[in-house]
Amino acid sequence: KNQVEQSPQSLIILEGKNCTLQCNYTVSPFSNLRWYKQDTGRGPVSLTIMTFSENTKSNGRYTATLDADTKQSSLHITASQLSDSASYICVVSGYTGGGNKLTFGTGTQLKVEL
Amino acid sequence: DAGVIQSPRHEVTEMGQEVTLRCKPISGHDYLFWYRQTMMRGLELLIYFNNNVPIDDSGMPEDRFSAKMPNASFSTLKIQPSEPRDSAVYFCASRADTLNTEAFFGQGTRLTVV
């Protein structure tokens with residue numbers, strides 16, 4: 001069964017600190033992996049999209065890594081800001097006979113405090 | 001472009017009533033997705049369209065749910081009759097017809113069925 005597990009479930013850090021969020025998946029065959037940021041009361045916004053051949057992708061202070069062999073991804077946030085407080089969702093796309101099928105993680109709730 | 005536009009933003013209705021959620025995708029996007037998000041289950045894909053044709057509706061929870069896309073600029077998700085367990089935030093998203101492009105989400109419709 002295709003699954004995406006994220007850890008930790010929630011995290012509180014001080015402003016200016018770094019943090020790393022984890023995503024482990026069992027989706028196969030693999031198409032791509034996406035990290036989304038969702039602010040409270042808003043729709044998810046894409047941070048990165050990574051395909052099988054990509055190991056690292058950055059978007060400003062956000063850096064995603066992908067290890068397709070171990071089926072693990074991480075999202076590293078550098079020099080956190082209060083505006084980074086949000087839910088971060090890992091979504092893995094896998095090929096099926098009818099096209100790509102998305103499997104969602106339940107998200108990591110990040111809170112950045114002063 | 002104004003992005004994906006959903007209406008209404010909030011809907012409160014009584015159990016048994018019909019509810020219609022509306023979505024206008026980004027112009028030129030060939031794919032349209034309907035998602036449901038709850039605290040318990042996170043984000044779930046309900047159905048998606050390609051060029052106005054429903055491709056995968058396996059996520060639609062039951063026959064009370066139906067979705068249509070009469071043209072490239074409009075889609076509806078209808079629940080009839082609604083039940084309290086349908087209470088959730090419903091998101092619409094669209095993306096271009098390229099495999100590894102990001103999907104853009106609307107602001108969502110928060111549905112409460114009492």
# chains A, B, ... in the order shown; residues from 1 in each chain; ligands from 1
call {"tool": "interface_residues", "arguments": {"of": "chain B", "to": "chain A", "cutoff": "12 Å", "atoms": "only C-alpha atoms", "output": "ChimeraX atom specification"}}
result
/B:3-6,9-10,33,35-50,54-59,88-93,95,98-110
call {"tool": "write_last_selection", "arguments": {"atoms": "C-alpha atoms", "output": "PDB file, in the first residue's frame"}}
result
ATOM      1  CA  GLY B   3      -5.044  32.366  -9.520  1.00  0.00           C
ATOM      2  CA  VAL B   4      -7.540  29.622  -8.768  1.00  0.00           C
ATOM      3  CA  ILE B   5     -10.779  31.162  -7.554  1.00  0.00           C
ATOM      4  CA  GLN B   6     -13.179  29.290  -5.325  1.00  0.00           C
ATOM      5  CA  ARG B   9     -15.174  30.918   1.004  1.00  0.00           C
ATOM      6  CA  HIS B  10     -17.424  29.710   3.794  1.00  0.00           C
ATOM      7  CA  PHE B  33      -8.328  18.786  -9.002  1.00  0.00           C
ATOM      8  CA  TYR B  35      -9.420  17.981  -2.640  1.00  0.00           C
ATOM      9  CA  ARG B  36     -10.908  17.673   0.817  1.00  0.00           C
ATOM     10  CA  GLN B  37      -8.941  18.469   3.974  1.00  0.00           C
ATOM     11  CA  THR B  38      -9.817  17.511   7.544  1.00  0.00           C
ATOM     12  CA  MET B  39      -7.801  17.411  10.731  1.00  0.00           C
ATOM     13  CA  MET B  40      -8.196  13.660  10.980  1.00  0.00           C
ATOM     14  CA  ARG B  41      -7.412  12.652   7.399  1.00  0.00           C
ATOM     15  CA  GLY B  42      -5.355  15.529   6.031  1.00  0.00           C
ATOM     16  CA  LEU B  43      -5.577  16.281   2.306  1.00  0.00           C
ATOM     17  CA  GLU B  44      -7.476  13.787   0.149  1.00  0.00           C
ATOM     18  CA  LEU B  45      -7.850  13.883  -3.624  1.00  0.00           C
ATOM     19  CA  LEU B  46     -11.506  13.488  -4.542  1.00  0.00           C
ATOM     20  CA  ILE B  47     -11.480  13.732  -8.338  1.00  0.00           C
ATOM     21  CA  TYR B  48      -9.492  15.277 -11.149  1.00  0.00           C
ATOM     22  CA  PHE B  49     -10.234  16.378 -14.693  1.00  0.00           C
ATOM     23  CA  ASN B  50      -8.051  16.632 -17.771  1.00  0.00           C
ATOM     24  CA  PRO B  54     -13.105  13.306 -15.356  1.00  0.00           C
ATOM     25  CA  ILE B  55     -10.079  11.005 -15.236  1.00  0.00           C
ATOM     26  CA  ASP B  56     -10.071   9.547 -11.727  1.00  0.00           C
ATOM     27  CA  ASP B  57     -12.986   9.829  -9.310  1.00  0.00           C
ATOM     28  CA  SER B  58     -11.911   6.990  -7.031  1.00  0.00           C
ATOM     29  CA  GLY B  59     -11.502   9.443  -4.156  1.00  0.00           C
ATOM     30  CA  ALA B  88     -14.221  20.043   5.874  1.00  0.00           C
ATOM     31  CA  VAL B  89     -12.238  22.489   3.773  1.00  0.00           C
ATOM     32  CA  TYR B  90     -12.588  21.755   0.074  1.00  0.00           C
ATOM     33  CA  PHE B  91      -9.769  22.888  -2.193  1.00  0.00           C
ATOM     34  CA  CYS B  92      -9.658  23.201  -5.937  1.00  0.00           C
ATOM     35  CA  ALA B  93      -6.297  23.191  -7.735  1.00  0.00           C
ATOM     36  CA  ARG B  95      -1.983  22.828 -13.266  1.00  0.00           C
ATOM     37  CA  THR B  98       3.172  19.020 -18.079  1.00  0.00           C
ATOM     38  CA  LEU B  99       4.065  16.131 -15.818  1.00  0.00           C
ATOM     39  CA  ASN B 100       6.301  17.768 -13.240  1.00  0.00           C
ATOM     40  CA  THR B 101       4.772  21.194 -12.918  1.00  0.00           C
ATOM     41  CA  GLU B 102       3.306  22.479  -9.720  1.00  0.00           C
ATOM     42  CA  ALA B 103      -0.376  22.625  -8.969  1.00  0.00           C
ATOM     43  CA  PHE B 104      -1.823  25.932  -7.785  1.00  0.00           C
ATOM     44  CA  PHE B 105      -4.454  25.799  -5.078  1.00  0.00           C
ATOM     45  CA  GLY B 106      -7.416  28.049  -4.437  1.00  0.00           C
ATOM     46  CA  GLN B 107      -8.159  29.512  -1.030  1.00  0.00           C
ATOM     47  CA  GLY B 108     -10.587  26.734  -0.247  1.00  0.00           C
ATOM     48  CA  THR B 109     -14.219  26.570   0.820  1.00  0.00           C
ATOM     49  CA  ARG B 110     -14.808  25.843   4.490  1.00  0.00           C
TER      50      ARG B 110
END
call {"tool": "residues_around", "arguments": {"residues": "Ser53 in chain A", "least_positions_apart": "6", "cutoff": "10 Å", "atoms": "only C-alpha atoms", "output": "PDB file with N, CA, C and O atoms, in the first residue's frame"}}
result
ATOM      1  N   ASN A  32       7.303  11.701  -8.820  1.00  0.00           N
ATOM      2  CA  ASN A  32       7.920  12.890  -8.244  1.00  0.00           C
ATOM      3  C   ASN A  32       7.470  13.094  -6.807  1.00  0.00           C
ATOM      4  O   ASN A  32       6.527  12.443  -6.339  1.00  0.00           O
ATOM      5  N   LEU A  66      16.315  14.448  -1.682  1.00  0.00           N
ATOM      6  CA  LEU A  66      15.610  13.219  -2.030  1.00  0.00           C
ATOM      7  C   LEU A  66      16.606  12.085  -2.177  1.00  0.00           C
ATOM      8  O   LEU A  66      17.600  12.215  -2.893  1.00  0.00           O
ATOM      9  N   ASP A  67      16.344  10.995  -1.493  1.00  0.00           N
ATOM     10  CA  ASP A  67      17.103   9.759  -1.665  1.00  0.00           C
ATOM     11  C   ASP A  67      16.119   8.713  -2.175  1.00  0.00           C
ATOM     12  O   ASP A  67      15.364   8.120  -1.392  1.00  0.00           O
ATOM     13  N   ALA A  68      16.122   8.506  -3.492  1.00  0.00           N
ATOM     14  CA  ALA A  68      15.150   7.596  -4.089  1.00  0.00           C
ATOM     15  C   ALA A  68      15.435   6.138  -3.735  1.00  0.00           C
ATOM     16  O   ALA A  68      14.547   5.284  -3.812  1.00  0.00           O
TER      17      ALA A  68
END
call {"tool": "select_by_dssp", "arguments": {"residues": "range 31-86 of chain B", "states": "strand (DSSP E)", "output": "number ranges by chain"}}
result
B: 31-38, 42-50, 53-56, 65-71, 74-79
call {"tool": "closest_residue", "arguments": {"among": "A:Val27, A:Leu21, A:Leu14, A:Leu75", "to": "Gly94 in chain A", "atoms": "only C-alpha atoms"}}
result
A:Val27
call {"tool": "atom_distance", "arguments": {"atom1": "CA of Val92 in chain A", "atom2": "CA of Thr65 in chain A"}}
result
13.5 Å
call {"tool": "atom_distance", "arguments": {"atom1": "CA of Ser7 in chain A", "atom2": "CA of Asn24 in chain A"}}
result
8.5 Å
call {"tool": "atom_distance", "arguments": {"atom1": "CA of Phe52 in chain A", "atom2": "CA of Phe30 in chain A"}}
result
7.2 Å
call {"tool": "residues_around", "arguments": {"residues": "Asn18 in chain A", "least_positions_apart": "4", "cutoff": "7 Å", "atoms": "only C-alpha atoms", "output": "ChimeraX atom specification"}}
result
/A:77-80
call {"tool": "residues_around", "arguments": {"residues": "Cys19 in chain A", "least_positions_apart": "5", "cutoff": "12 Å", "atoms": "only C-alpha atoms", "output": "ChimeraX atom specification"}}
result
/A:7-8,10-14,61-64,74-81,84-85,108,110-112
call {"tool": "write_last_selection", "arguments": {"atoms": "N, CA, C and O atoms", "output": "short mmCIF file (atom, residue, chain, number, x, y, z; two decimals), in the first residue's frame"}}
result
data_model
loop_
_atom_site.label_atom_id
_atom_site.label_comp_id
_atom_site.auth_asym_id
_atom_site.auth_seq_id
_atom_site.Cartn_x
_atom_site.Cartn_y
_atom_site.Cartn_z
N SER A 7 7.52 13.26 9.69
CA SER A 7 7.91 13.45 11.08
C SER A 7 8.77 14.70 11.21
O SER A 7 9.46 15.08 10.25
N PRO A 8 8.72 15.37 12.36
CA PRO A 8 7.79 15.10 13.44
C PRO A 8 6.38 15.57 13.07
O PRO A 8 6.19 16.23 12.07
N SER A 10 4.65 17.67 14.89
CA SER A 10 4.67 19.10 15.16
C SER A 10 6.02 19.48 15.72
O SER A 10 6.75 18.64 16.27
N LEU A 11 6.35 20.77 15.58
CA LEU A 11 7.68 21.22 15.95
C LEU A 11 7.60 22.70 16.32
O LEU A 11 6.93 23.48 15.63
N ILE A 12 8.28 23.06 17.39
CA ILE A 12 8.37 24.46 17.80
C ILE A 12 9.85 24.83 17.86
O ILE A 12 10.63 24.15 18.52
N ILE A 13 10.22 25.90 17.17
CA ILE A 13 11.62 26.34 17.18
C ILE A 13 11.67 27.85 17.39
O ILE A 13 10.69 28.56 17.19
N LEU A 14 12.86 28.32 17.79
CA LEU A 14 13.04 29.76 17.96
C LEU A 14 13.41 30.41 16.65
O LEU A 14 14.13 29.81 15.81
N ARG A 61 15.26 29.96 1.42
CA ARG A 61 15.77 29.34 2.65
C ARG A 61 15.31 27.88 2.79
O ARG A 61 15.63 27.23 3.79
N TYR A 62 14.57 27.39 1.84
CA TYR A 62 14.09 26.00 1.88
C TYR A 62 14.95 25.14 0.96
O TYR A 62 15.15 25.49 -0.20
N THR A 63 15.45 24.03 1.49
CA THR A 63 16.22 23.08 0.69
C THR A 63 15.64 21.69 0.89
O THR A 63 15.56 21.21 2.02
N ALA A 64 15.22 21.07 -0.20
CA ALA A 64 14.69 19.71 -0.14
C ALA A 64 15.74 18.74 -0.67
O ALA A 64 16.47 19.04 -1.60
N SER A 74 13.82 15.10 2.79
CA SER A 74 13.83 16.03 3.91
C SER A 74 13.65 17.45 3.39
O SER A 74 13.99 17.75 2.24
N LEU A 75 13.11 18.29 4.23
CA LEU A 75 12.97 19.71 3.93
C LEU A 75 13.69 20.47 5.03
O LEU A 75 13.31 20.38 6.20
N HIS A 76 14.76 21.18 4.64
CA HIS A 76 15.56 21.92 5.61
C HIS A 76 15.22 23.40 5.49
O HIS A 76 15.24 23.95 4.39
N ILE A 77 14.92 24.00 6.62
CA ILE A 77 14.62 25.44 6.65
C ILE A 77 15.75 26.13 7.40
O ILE A 77 16.06 25.79 8.55
N THR A 78 16.35 27.08 6.74
CA THR A 78 17.50 27.79 7.30
C THR A 78 17.07 29.15 7.84
O THR A 78 16.25 29.83 7.24
N ALA A 79 17.64 29.52 9.00
CA ALA A 79 17.38 30.84 9.59
C ALA A 79 15.88 31.13 9.62
O ALA A 79 15.40 32.06 8.97
N SER A 80 15.18 30.34 10.37
CA SER A 80 13.72 30.39 10.37
C SER A 80 13.19 31.78 10.73
O SER A 80 13.81 32.55 11.49
N GLN A 81 12.02 32.08 10.17
CA GLN A 81 11.33 33.33 10.43
C GLN A 81 9.92 33.03 10.95
O GLN A 81 9.40 31.94 10.73
N ASP A 84 7.48 31.43 8.70
CA ASP A 84 7.62 30.02 8.34
C ASP A 84 6.63 29.15 9.11
O ASP A 84 6.47 27.97 8.80
N SER A 85 5.98 29.72 10.10
CA SER A 85 4.97 28.97 10.88
C SER A 85 3.85 28.54 9.94
O SER A 85 3.16 29.38 9.36
N THR A 108 3.62 18.24 8.77
CA THR A 108 4.32 18.64 10.00
C THR A 108 3.90 20.06 10.30
O THR A 108 4.04 20.95 9.45
N LEU A 110 4.68 23.34 11.94
CA LEU A 110 5.83 24.07 12.44
C LEU A 110 5.39 25.40 13.04
O LEU A 110 4.63 26.15 12.42
N LYS A 111 5.89 25.68 14.22
CA LYS A 111 5.66 26.98 14.84
C LYS A 111 7.00 27.61 15.16
O LYS A 111 7.83 27.00 15.83
N VAL A 112 7.21 28.83 14.68
CA VAL A 112 8.43 29.57 14.96
C VAL A 112 8.09 30.66 15.96
O VAL A 112 7.20 31.47 15.72
#
